[in-house]
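Participant: Data: work.tsv, TSV, N, CA and C atoms.
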chain	number	residue	atom	x	y	z
A	1229	VAL	N	103.31	106.28	97.18
A	1229	VAL	CA	104.31	106.96	98.01
A	1229	VAL	C	105.58	107.15	97.20
A	1230	GLN	N	106.11	108.36	97.23
A	1230	GLN	CA	107.39	108.63	96.59
A	1230	GLN	C	108.40	108.93	97.67
A	1231	LEU	N	109.61	108.40	97.49
A	1231	LEU	CA	110.63	108.49	98.52
A	1231	LEU	C	111.89	109.13	97.94
A	1232	GLN	N	112.52	109.97	98.74
A	1232	GLN	CA	113.74	110.66	98.32
A	1232	GLN	C	114.75	110.60	99.47
A	1233	ALA	N	115.81	109.84	99.26
A	1233	ALA	CA	116.83	109.69	100.29
A	1233	ALA	C	117.94	110.72	100.10
A	1234	SER	N	118.54	111.10	101.20
A	1234	SER	CA	119.63	112.07	101.17
A	1234	SER	C	120.51	111.87	102.39
A	1235	GLY	N	121.64	112.56	102.41
A	1235	GLY	CA	122.49	112.55	103.59
A	1235	GLY	C	123.76	111.74	103.46
A	1236	GLY	N	123.93	111.05	102.35
A	1236	GLY	CA	125.13	110.27	102.18
A	1236	GLY	C	126.35	111.16	101.96
A	1237	GLY	N	127.51	110.54	101.98
A	1237	GLY	CA	128.73	111.29	101.78
A	1237	GLY	C	129.96	110.46	102.08
A	1238	LEU	N	131.09	111.14	102.08
A	1238	LEU	CA	132.36	110.50	102.40
A	1238	LEU	C	132.71	110.79	103.85
A	1239	VAL	N	132.99	109.75	104.60
A	1239	VAL	CA	133.28	109.92	106.01
A	1239	VAL	C	134.39	108.96	106.41
A	1240	GLN	N	135.16	109.34	107.40
A	1240	GLN	CA	136.23	108.45	107.87
A	1240	GLN	C	135.65	107.38	108.79
A	1241	ALA	N	136.33	106.28	108.85
A	1241	ALA	CA	135.93	105.20	109.76
A	1241	ALA	C	135.82	105.74	111.18
A	1242	GLY	N	134.78	105.31	111.86
A	1242	GLY	CA	134.51	105.80	113.21
A	1242	GLY	C	133.59	107.00	113.26
A	1243	GLY	N	133.36	107.59	112.11
A	1243	GLY	CA	132.50	108.77	112.04
A	1243	GLY	C	131.02	108.42	112.03
A	1244	SER	N	130.22	109.46	111.87
A	1244	SER	CA	128.76	109.30	111.89
A	1244	SER	C	128.11	110.05	110.73
A	1245	LEU	N	126.95	109.58	110.37
A	1245	LEU	CA	126.12	110.23	109.37
A	1245	LEU	C	124.67	110.05	109.76
A	1246	ARG	N	123.83	110.95	109.30
A	1246	ARG	CA	122.40	110.73	109.44
A	1246	ARG	C	121.77	110.78	108.05
A	1247	LEU	N	121.22	109.68	107.64
A	1247	LEU	CA	120.51	109.61	106.37
A	1247	LEU	C	119.06	109.99	106.60
A	1248	SER	N	118.50	110.66	105.62
A	1248	SER	CA	117.10	111.08	105.71
A	1248	SER	C	116.35	110.60	104.48
A	1249	CYS	N	115.09	110.35	104.66
A	1249	CYS	CA	114.24	109.92	103.55
A	1249	CYS	C	112.93	110.70	103.64
A	1250	ALA	N	112.69	111.52	102.65
A	1250	ALA	CA	111.46	112.31	102.61
A	1250	ALA	C	110.41	111.56	101.81
A	1251	ALA	N	109.22	111.49	102.35
A	1251	ALA	CA	108.12	110.80	101.68
A	1251	ALA	C	107.06	111.79	101.24
A	1252	SER	N	106.49	111.52	100.11
A	1252	SER	CA	105.36	112.32	99.65
A	1252	SER	C	104.19	111.39	99.36
A	1253	GLY	N	103.02	111.94	99.40
A	1253	GLY	CA	101.84	111.12	99.22
A	1253	GLY	C	101.08	110.99	100.52
A	1254	ARG	N	99.89	110.51	100.40
A	1254	ARG	CA	99.04	110.39	101.58
A	1254	ARG	C	99.29	109.08	102.30
A	1255	SER	N	98.84	109.04	103.52
A	1255	SER	CA	98.83	107.81	104.32
A	1255	SER	C	100.23	107.29	104.62
A	1256	PHE	N	101.20	108.19	104.72
A	1256	PHE	CA	102.57	107.77	105.03
A	1256	PHE	C	102.61	106.95	106.32
A	1257	SER	N	101.83	107.36	107.29
A	1257	SER	CA	101.90	106.70	108.61
A	1257	SER	C	101.35	105.28	108.58
A	1258	THR	N	100.76	104.87	107.50
A	1258	THR	CA	100.25	103.50	107.40
A	1258	THR	C	101.26	102.54	106.79
A	1259	TYR	N	102.42	103.05	106.41
A	1259	TYR	CA	103.46	102.22	105.83
A	1259	TYR	C	104.58	101.96	106.82
A	1260	PRO	N	104.95	100.70	107.00
A	1260	PRO	CA	106.20	100.45	107.71
A	1260	PRO	C	107.33	100.87	106.78
A	1261	MET	N	108.44	101.31	107.34
A	1261	MET	CA	109.53	101.83	106.52
A	1261	MET	C	110.82	101.08	106.81
A	1262	GLY	N	111.66	101.02	105.80
A	1262	GLY	CA	112.92	100.32	105.98
A	1262	GLY	C	114.06	100.99	105.23
A	1263	TRP	N	115.24	100.61	105.62
A	1263	TRP	CA	116.47	101.01	104.91
A	1263	TRP	C	117.18	99.73	104.46
A	1264	PHE	N	117.69	99.78	103.26
A	1264	PHE	CA	118.49	98.71	102.70
A	1264	PHE	C	119.78	99.32	102.17
A	1265	ARG	N	120.73	98.48	101.87
A	1265	ARG	CA	121.96	98.98	101.27
A	1265	ARG	C	122.49	97.97	100.26
A	1266	GLN	N	123.25	98.50	99.32
A	1266	GLN	CA	123.86	97.63	98.31
A	1266	GLN	C	125.28	98.09	98.07
A	1267	ALA	N	126.21	97.22	98.42
A	1267	ALA	CA	127.62	97.49	98.21
A	1267	ALA	C	128.01	97.06	96.80
A	1268	PRO	N	129.08	97.61	96.27
A	1268	PRO	CA	129.51	97.24	94.92
A	1268	PRO	C	129.71	95.74	94.78
A	1269	GLY	N	129.09	95.17	93.77
A	1269	GLY	CA	129.26	93.76	93.51
A	1269	GLY	C	128.49	92.84	94.43
A	1270	LYS	N	127.66	93.40	95.29
A	1270	LYS	CA	126.90	92.58	96.23
A	1270	LYS	C	125.41	92.80	96.05
A	1271	GLU	N	124.64	91.89	96.61
A	1271	GLU	CA	123.19	92.02	96.55
A	1271	GLU	C	122.70	93.04	97.57
A	1272	ARG	N	121.52	93.56	97.32
A	1272	ARG	CA	120.91	94.49	98.25
A	1272	ARG	C	120.60	93.75	99.56
A	1273	GLU	N	120.91	94.39	100.68
A	1273	GLU	CA	120.68	93.75	101.97
A	1273	GLU	C	119.90	94.67	102.90
A	1274	PHE	N	119.14	94.03	103.76
A	1274	PHE	CA	118.34	94.74	104.75
A	1274	PHE	C	119.24	95.37	105.80
A	1275	VAL	N	118.86	96.57	106.22
A	1275	VAL	CA	119.60	97.27	107.26
A	1275	VAL	C	118.73	97.45	108.50
A	1276	ALA	N	117.56	98.08	108.32
A	1276	ALA	CA	116.71	98.38	109.47
A	1276	ALA	C	115.28	98.63	109.01
A	1277	ALA	N	114.35	98.45	109.94
A	1277	ALA	CA	112.94	98.74	109.66
A	1277	ALA	C	112.30	99.36	110.89
A	1278	VAL	N	111.26	100.14	110.64
A	1278	VAL	CA	110.49	100.76	111.73
A	1278	VAL	C	109.01	100.61	111.42
A	1279	SER	N	108.26	100.34	112.46
A	1279	SER	CA	106.83	100.09	112.29
A	1279	SER	C	106.07	101.38	112.00
A	1280	TRP	N	104.80	101.25	111.74
A	1280	TRP	CA	103.95	102.35	111.32
A	1280	TRP	C	104.04	103.55	112.26
A	1281	GLY	N	103.92	103.28	113.56
A	1281	GLY	CA	103.94	104.37	114.52
A	1281	GLY	C	105.31	104.64	115.11
A	1282	GLY	N	106.28	103.84	114.73
A	1282	GLY	CA	107.64	104.03	115.23
A	1282	GLY	C	107.94	103.29	116.52
A	1283	GLY	N	106.98	102.53	117.02
A	1283	GLY	CA	107.19	101.87	118.29
A	1283	GLY	C	108.02	100.61	118.24
A	1284	SER	N	108.14	100.03	117.05
A	1284	SER	CA	108.92	98.81	116.89
A	1284	SER	C	109.99	99.00	115.83
A	1285	THR	N	111.15	98.43	116.07
A	1285	THR	CA	112.24	98.51	115.12
A	1285	THR	C	112.90	97.15	114.96
A	1286	SER	N	113.59	97.00	113.86
A	1286	SER	CA	114.31	95.78	113.58
A	1286	SER	C	115.61	96.14	112.88
A	1287	TYR	N	116.70	95.40	113.19
A	1287	TYR	CA	118.00	95.71	112.61
A	1287	TYR	C	118.69	94.43	112.14
A	1288	ALA	N	119.49	94.60	111.11
A	1288	ALA	CA	120.38	93.52	110.72
A	1288	ALA	C	121.44	93.36	111.80
A	1289	ASP	N	121.89	92.13	112.01
A	1289	ASP	CA	122.88	91.89	113.05
A	1289	ASP	C	124.14	92.73	112.85
A	1290	SER	N	124.49	92.98	111.62
A	1290	SER	CA	125.74	93.69	111.32
A	1290	SER	C	125.70	95.15	111.73
A	1291	VAL	N	124.52	95.69	111.99
A	1291	VAL	CA	124.43	97.12	112.33
A	1291	VAL	C	123.86	97.37	113.72
A	1292	LYS	N	123.44	96.33	114.40
A	1292	LYS	CA	122.87	96.51	115.74
A	1292	LYS	C	123.83	97.23	116.66
A	1293	GLY	N	123.32	98.19	117.38
A	1293	GLY	CA	124.13	98.95	118.30
A	1293	GLY	C	124.83	100.14	117.68
A	1294	ARG	N	124.84	100.20	116.34
A	1294	ARG	CA	125.51	101.32	115.66
A	1294	ARG	C	124.52	102.17	114.87
A	1295	PHE	N	123.48	101.55	114.35
A	1295	PHE	CA	122.49	102.24	113.52
A	1295	PHE	C	121.20	102.39	114.30
A	1296	THR	N	120.51	103.51	114.07
A	1296	THR	CA	119.21	103.74	114.69
A	1296	THR	C	118.24	104.28	113.65
A	1297	ILE	N	117.13	103.59	113.49
A	1297	ILE	CA	116.10	104.05	112.56
A	1297	ILE	C	115.00	104.75	113.34
A	1298	SER	N	114.46	105.80	112.76
A	1298	SER	CA	113.36	106.51	113.40
A	1298	SER	C	112.50	107.16	112.31
A	1299	ARG	N	111.34	107.64	112.71
A	1299	ARG	CA	110.46	108.27	111.75
A	1299	ARG	C	109.69	109.41	112.40
A	1300	ASP	N	109.30	110.35	111.56
A	1300	ASP	CA	108.47	111.47	112.00
A	1300	ASP	C	107.26	111.48	111.07
A	1301	ASN	N	106.17	110.94	111.53
A	1301	ASN	CA	105.00	110.81	110.66
A	1301	ASN	C	104.37	112.16	110.32
A	1302	ALA	N	104.46	113.10	111.23
A	1302	ALA	CA	103.88	114.41	110.96
A	1302	ALA	C	104.59	115.11	109.80
A	1303	LYS	N	105.90	114.94	109.75
A	1303	LYS	CA	106.69	115.58	108.70
A	1303	LYS	C	106.96	114.65	107.53
A	1304	LYS	N	106.59	113.37	107.65
A	1304	LYS	CA	106.81	112.38	106.61
A	1304	LYS	C	108.29	112.16	106.30
A	1305	TRP	N	109.04	111.91	107.33
A	1305	TRP	CA	110.46	111.64	107.19
A	1305	TRP	C	110.81	110.34	107.90
A	1306	VAL	N	111.81	109.66	107.36
A	1306	VAL	CA	112.42	108.51	108.01
A	1306	VAL	C	113.92	108.79	108.09
A	1307	TYR	N	114.52	108.40	109.20
A	1307	TYR	CA	115.93	108.70	109.41
A	1307	TYR	C	116.70	107.42	109.71
A	1308	LEU	N	117.97	107.45	109.38
A	1308	LEU	CA	118.88	106.38	109.78
A	1308	LEU	C	120.14	107.04	110.33
A	1309	GLN	N	120.29	106.99	111.63
A	1309	GLN	CA	121.49	107.49	112.28
A	1309	GLN	C	122.54	106.39	112.25
A	1310	ILE	N	123.69	106.71	111.68
A	1310	ILE	CA	124.75	105.71	111.53
A	1310	ILE	C	125.95	106.18	112.33
A	1311	ASN	N	126.34	105.40	113.31
A	1311	ASN	CA	127.50	105.73	114.14
A	1311	ASN	C	128.58	104.67	113.97
A	1312	SER	N	129.77	105.02	114.41
A	1312	SER	CA	130.89	104.07	114.38
A	1312	SER	C	131.03	103.41	113.01
A	1313	LEU	N	131.04	104.24	111.99
A	1313	LEU	CA	131.08	103.72	110.62
A	1313	LEU	C	132.33	102.90	110.36
A	1314	LYS	N	132.15	101.85	109.57
A	1314	LYS	CA	133.23	100.97	109.18
A	1314	LYS	C	133.34	100.98	107.66
A	1315	PRO	N	134.52	100.68	107.14
A	1315	PRO	CA	134.66	100.63	105.67
A	1315	PRO	C	133.64	99.68	105.02
A	1316	GLU	N	133.29	98.62	105.71
A	1316	GLU	CA	132.33	97.68	105.14
A	1316	GLU	C	130.90	98.21	105.11
A	1317	ASP	N	130.69	99.39	105.68
A	1317	ASP	CA	129.38	100.04	105.58
A	1317	ASP	C	129.23	100.81	104.27
A	1318	THR	N	130.31	100.89	103.50
A	1318	THR	CA	130.25	101.58	102.22
A	1318	THR	C	129.23	100.91	101.31
A	1319	ALA	N	128.28	101.71	100.84
A	1319	ALA	CA	127.20	101.17	100.01
A	1319	ALA	C	126.29	102.31	99.58
A	1320	VAL	N	125.43	102.00	98.66
A	1320	VAL	CA	124.30	102.88	98.35
A	1320	VAL	C	123.15	102.48	99.27
A	1321	TYR	N	122.63	103.44	99.98
A	1321	TYR	CA	121.56	103.19	100.95
A	1321	TYR	C	120.23	103.63	100.35
A	1322	TYR	N	119.24	102.75	100.48
A	1322	TYR	CA	117.91	102.99	99.94
A	1322	TYR	C	116.86	102.97	101.05
A	1323	CYS	N	115.90	103.88	100.98
A	1323	CYS	CA	114.76	103.77	101.86
A	1323	CYS	C	113.61	103.13	101.08
A	1324	ALA	N	112.75	102.47	101.81
A	1324	ALA	CA	111.66	101.74	101.17
A	1324	ALA	C	110.44	101.71	102.07
A	1325	ALA	N	109.29	101.67	101.46
A	1325	ALA	CA	108.03	101.58	102.20
A	1325	ALA	C	107.49	100.16	102.09
A	1326	GLY	N	107.21	99.58	103.24
A	1326	GLY	CA	106.70	98.23	103.26
A	1326	GLY	C	105.25	98.16	102.82
A	1327	GLY	N	104.84	97.00	102.37
A	1327	GLY	CA	103.47	96.82	101.94
A	1327	GLY	C	102.50	96.92	103.10
A	1328	ARG	N	101.44	97.66	102.88
A	1328	ARG	CA	100.43	97.78	103.93
A	1328	ARG	C	99.69	96.45	104.07
A	1329	GLY	N	99.35	96.10	105.28
A	1329	GLY	CA	98.65	94.85	105.52
A	1329	GLY	C	99.59	93.67	105.77
A	1330	ILE	N	100.87	93.87	105.55
A	1330	ILE	CA	101.83	92.80	105.83
A	1330	ILE	C	102.18	92.85	107.31
A	1331	PRO	N	102.14	91.72	108.00
A	1331	PRO	CA	102.44	91.72	109.44
A	1331	PRO	C	103.82	92.27	109.74
A	1332	TRP	N	103.95	92.90	110.90
A	1332	TRP	CA	105.20	93.53	111.27
A	1332	TRP	C	106.36	92.53	111.29
A	1333	LEU	N	106.16	91.35	111.81
A	1333	LEU	CA	107.26	90.38	111.88
A	1333	LEU	C	107.76	90.02	110.49
A	1334	THR	N	106.87	90.03	109.53
A	1334	THR	CA	107.27	89.76	108.15
A	1334	THR	C	108.08	90.94	107.60
A	1335	ILE	N	107.62	92.14	107.86
A	1335	ILE	CA	108.36	93.33	107.44
A	1335	ILE	C	109.73	93.35	108.09
A	1336	ALA	N	109.74	93.05	109.39
A	1336	ALA	CA	110.98	93.12	110.16
A	1336	ALA	C	112.01	92.09	109.73
A	1337	SER	N	111.58	91.06	109.06
A	1337	SER	CA	112.53	90.04	108.61
A	1337	SER	C	113.44	90.58	107.52
A	1338	GLY	N	113.01	91.66	106.85
A	1338	GLY	CA	113.88	92.34	105.91
A	1338	GLY	C	113.89	91.82	104.49
A	1339	ASP	N	112.93	90.99	104.14
A	1339	ASP	CA	112.86	90.50	102.77
A	1339	ASP	C	112.44	91.66	101.86
A	1340	PRO	N	113.26	92.05	100.89
A	1340	PRO	CA	112.89	93.17	100.01
A	1340	PRO	C	111.57	92.94	99.28
A	1341	TYR	N	111.19	91.71	99.11
A	1341	TYR	CA	109.95	91.40	98.41
A	1341	TYR	C	108.74	92.04	99.09
A	1342	ASN	N	108.83	92.26	100.39
A	1342	ASN	CA	107.71	92.80	101.16
A	1342	ASN	C	107.67	94.33	101.17
A	1343	TYR	N	108.57	94.96	100.45
A	1343	TYR	CA	108.61	96.41	100.39
A	1343	TYR	C	108.10	96.86	99.02
A	1344	GLU	N	107.17	97.79	99.06
A	1344	GLU	CA	106.40	98.13	97.87
A	1344	GLU	C	106.98	99.32	97.10
A	1345	TYR	N	107.48	100.29	97.80
A	1345	TYR	CA	107.99	101.51	97.15
A	1345	TYR	C	109.44	101.73	97.55
A	1346	TRP	N	110.22	102.18	96.58
A	1346	TRP	CA	111.65	102.39	96.79
A	1346	TRP	C	112.05	103.78	96.34
A	1347	GLY	N	112.94	104.39	97.11
A	1347	GLY	CA	113.51	105.66	96.69
A	1347	GLY	C	114.81	105.42	95.94
A	1348	GLN	N	115.35	106.50	95.41
A	1348	GLN	CA	116.68	106.38	94.81
A	1348	GLN	C	117.68	106.31	95.96
A	1349	GLY	N	118.83	105.84	95.73
A	1349	GLY	CA	119.77	105.64	96.81
A	1349	GLY	C	120.62	106.87	97.10
A	1350	THR	N	121.26	106.81	98.24
A	1350	THR	CA	122.25	107.82	98.61
A	1350	THR	C	123.53	107.09	98.99
A	1351	LEU	N	124.65	107.55	98.44
A	1351	LEU	CA	125.91	106.83	98.58
A	1351	LEU	C	126.63	107.21	99.86
A	1352	VAL	N	127.00	106.19	100.61
A	1352	VAL	CA	127.83	106.36	101.80
A	1352	VAL	C	129.17	105.69	101.52
A	1353	THR	N	130.23	106.46	101.66
A	1353	THR	CA	131.58	105.93	101.45
A	1353	THR	C	132.37	106.15	102.73
A	1354	VAL	N	132.91	105.07	103.25
A	1354	VAL	CA	133.67	105.13	104.50
A	1354	VAL	C	135.13	104.83	104.20
A	1355	SER	N	135.98	105.76	104.50
A	1355	SER	CA	137.40	105.56	104.27
A	1355	SER	C	138.09	105.05	105.53
A	1356	SER	N	139.09	104.22	105.32
A	1356	SER	CA	139.80	103.64	106.47
A	1356	SER	C	140.95	104.52	106.91
Kindly transcribe the structure held in the file into structure tokens.

Facilitator:
Amino acid sequence: VQLQASGGGLVQAGGSLRLSCAASGRSFSTYPMGWFRQAPGKEREFVAAVSWGGGSTSYADSVKGRFTISRDNAKKWVYLQINSLKPEDTAVYYCAAGGRGIPWLTIASGDPYNYEYWGQGTLVTVSS
């Protein structure tokens, strides 16, 4: 699976963005998908995950209620709707495909080790 993230940009605090991740390759619908982010000088952190069919989602506590992950298996896209942006949301955002066969609860825990394929990042900058 190859992944290509897009949609980042410069936005004022309180604004919104929608990040998109295009996937290529077969069997996209068999991969759980996730978004991670990495702020300058910090480690990569889990943001959100969505199950194979989109029926289950998981979020980091820091983004609950503001971020929404979704997927379109027919078109092979994953989305991250980001609302009420804060300066601390500034980071490079990455989409990733979870390992097939890994239980959903393990994927949902957000350990990057359980994600098999990674796209290049898209930069989100939030100004105060």

Participant: Taking into account all atoms listed in the file, which residue in the set A:Leu1313, A:Val1239, A:Ala1276, A:Val1229 is nearest to Arg1254 in chain A?

Facilitator: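 Comparing A:Leu1313, A:Val1239, A:Ala1276, A:Val1229 against Arg1254 in chain A, the winner is A:Val1229.
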
Participant: Near range 1314-1321 of chain A, counting only N, CA and C atoms, which residues have an atom at most 7 Å away, once you skip same-chain residues fewer than 4 positions from it, shown as a PyMOL selection string?

Facilitator: chain A and resi 1233+1240-1243+1263-1268+1348-1356

Participant: Can you pull out every residue within 12 Å of range 1330-1336 of chain A, counting only C-alpha atoms, but drop anything in the same chain fewer than 6 positions away, and send it as a PyMOL selection string?

Facilitator: chain A and resi 1258-1264+1274-1288+1324+1342-1344

Participant: CA of Trp1346 in chain A and atom N of Leu1231 in chain A are how many Å apart?

Facilitator: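 Calculated distance between CA of Trp1346 in chain A and atom N of Leu1231 in chain A is 6.4 Å.
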
Participant: By how many Å are atom N of Lys1292 in chain A and atom C of Cys1323 in chain A apart?

Facilitator: 17.9 Å

Participant: In terms of the shortest atom-to-atom distance over all atoms listed in the file, which of A:Leu1238, A:Phe1256, A:Gly1269, A:Gly1329 is closest to Asn1301 in chain A?

Facilitator: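 Checking each candidate against Asn1301 in chain A, we get A:Phe1256 as the closest.
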
Participant: One number please: atom N of Tyr1322 in chain A to atom N of Lys1303 in chain A, in Å, one decimal.

Facilitator: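 Atom N of Lys1303 in chain A lies at a distance of 20.3 Å from atom N of Tyr1322 in chain A.
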
Participant: With N, CA, C and O atoms as the atom set, please write range 1238-1254 of chain A from the structure just given, as a short mmCIF file (atom, residue, chain, number, x, y, z; two decimals), in the first residue's frame.

Facilitator:
data_model
loop_
_atom_site.label_atom_id
_atom_site.label_comp_id
_atom_site.auth_asym_id
_atom_site.auth_seq_id
_atom_site.Cartn_x
_atom_site.Cartn_y
_atom_site.Cartn_z
N LEU A 1238 -1.51 26.57 6.55
CA LEU A 1238 -1.46 27.53 7.64
C LEU A 1238 -2.87 27.99 7.96
O LEU A 1238 -3.60 28.42 7.06
N VAL A 1239 -3.24 27.89 9.21
CA VAL A 1239 -4.60 28.26 9.60
C VAL A 1239 -4.55 28.95 10.96
O VAL A 1239 -3.66 28.67 11.78
N GLN A 1240 -5.49 29.84 11.19
CA GLN A 1240 -5.55 30.52 12.48
C GLN A 1240 -6.19 29.61 13.53
O GLN A 1240 -7.00 28.73 13.21
N ALA A 1241 -5.83 29.86 14.76
CA ALA A 1241 -6.44 29.11 15.87
C ALA A 1241 -7.96 29.24 15.80
O ALA A 1241 -8.49 30.30 15.52
N GLY A 1242 -8.62 28.13 16.05
CA GLY A 1242 -10.07 28.08 15.96
C GLY A 1242 -10.59 27.66 14.59
O GLY A 1242 -11.78 27.36 14.44
N GLY A 1243 -9.70 27.62 13.63
CA GLY A 1243 -10.08 27.24 12.27
C GLY A 1243 -10.17 25.74 12.09
O GLY A 1243 -10.00 24.96 13.03
N SER A 1244 -10.42 25.36 10.84
CA SER A 1244 -10.59 23.94 10.50
C SER A 1244 -9.79 23.58 9.26
O SER A 1244 -9.49 24.44 8.42
N LEU A 1245 -9.47 22.32 9.17
CA LEU A 1245 -8.82 21.76 7.99
C LEU A 1245 -9.33 20.35 7.80
O LEU A 1245 -9.75 19.70 8.76
N ARG A 1246 -9.27 19.88 6.56
CA ARG A 1246 -9.52 18.47 6.32
C ARG A 1246 -8.30 17.87 5.63
O ARG A 1246 -7.94 18.28 4.52
N LEU A 1247 -7.67 16.95 6.30
CA LEU A 1247 -6.54 16.24 5.72
C LEU A 1247 -7.06 15.02 4.97
O LEU A 1247 -8.02 14.38 5.40
N SER A 1248 -6.40 14.72 3.87
CA SER A 1248 -6.79 13.57 3.06
C SER A 1248 -5.58 12.67 2.85
O SER A 1248 -4.44 13.14 2.82
N CYS A 1249 -5.85 11.41 2.70
CA CYS A 1249 -4.79 10.44 2.45
C CYS A 1249 -5.27 9.51 1.35
O CYS A 1249 -6.25 8.77 1.54
N ALA A 1250 -4.60 9.55 0.22
CA ALA A 1250 -4.95 8.69 -0.90
C ALA A 1250 -4.11 7.42 -0.84
O ALA A 1250 -2.90 7.48 -0.65
N ALA A 1251 -4.77 6.30 -1.01
CA ALA A 1251 -4.08 5.01 -0.97
C ALA A 1251 -4.08 4.37 -2.35
O ALA A 1251 -5.04 4.50 -3.11
N SER A 1252 -3.01 3.71 -2.66
CA SER A 1252 -2.95 2.94 -3.89
C SER A 1252 -2.57 1.51 -3.54
O SER A 1252 -1.98 1.26 -2.51
N GLY A 1253 -2.92 0.61 -4.41
CA GLY A 1253 -2.67 -0.79 -4.14
C GLY A 1253 -3.97 -1.51 -3.86
O GLY A 1253 -5.00 -0.89 -3.60
N ARG A 1254 -3.88 -2.80 -3.88
CA ARG A 1254 -5.07 -3.60 -3.68
C ARG A 1254 -5.35 -3.83 -2.21
O ARG A 1254 -4.48 -3.64 -1.36
#
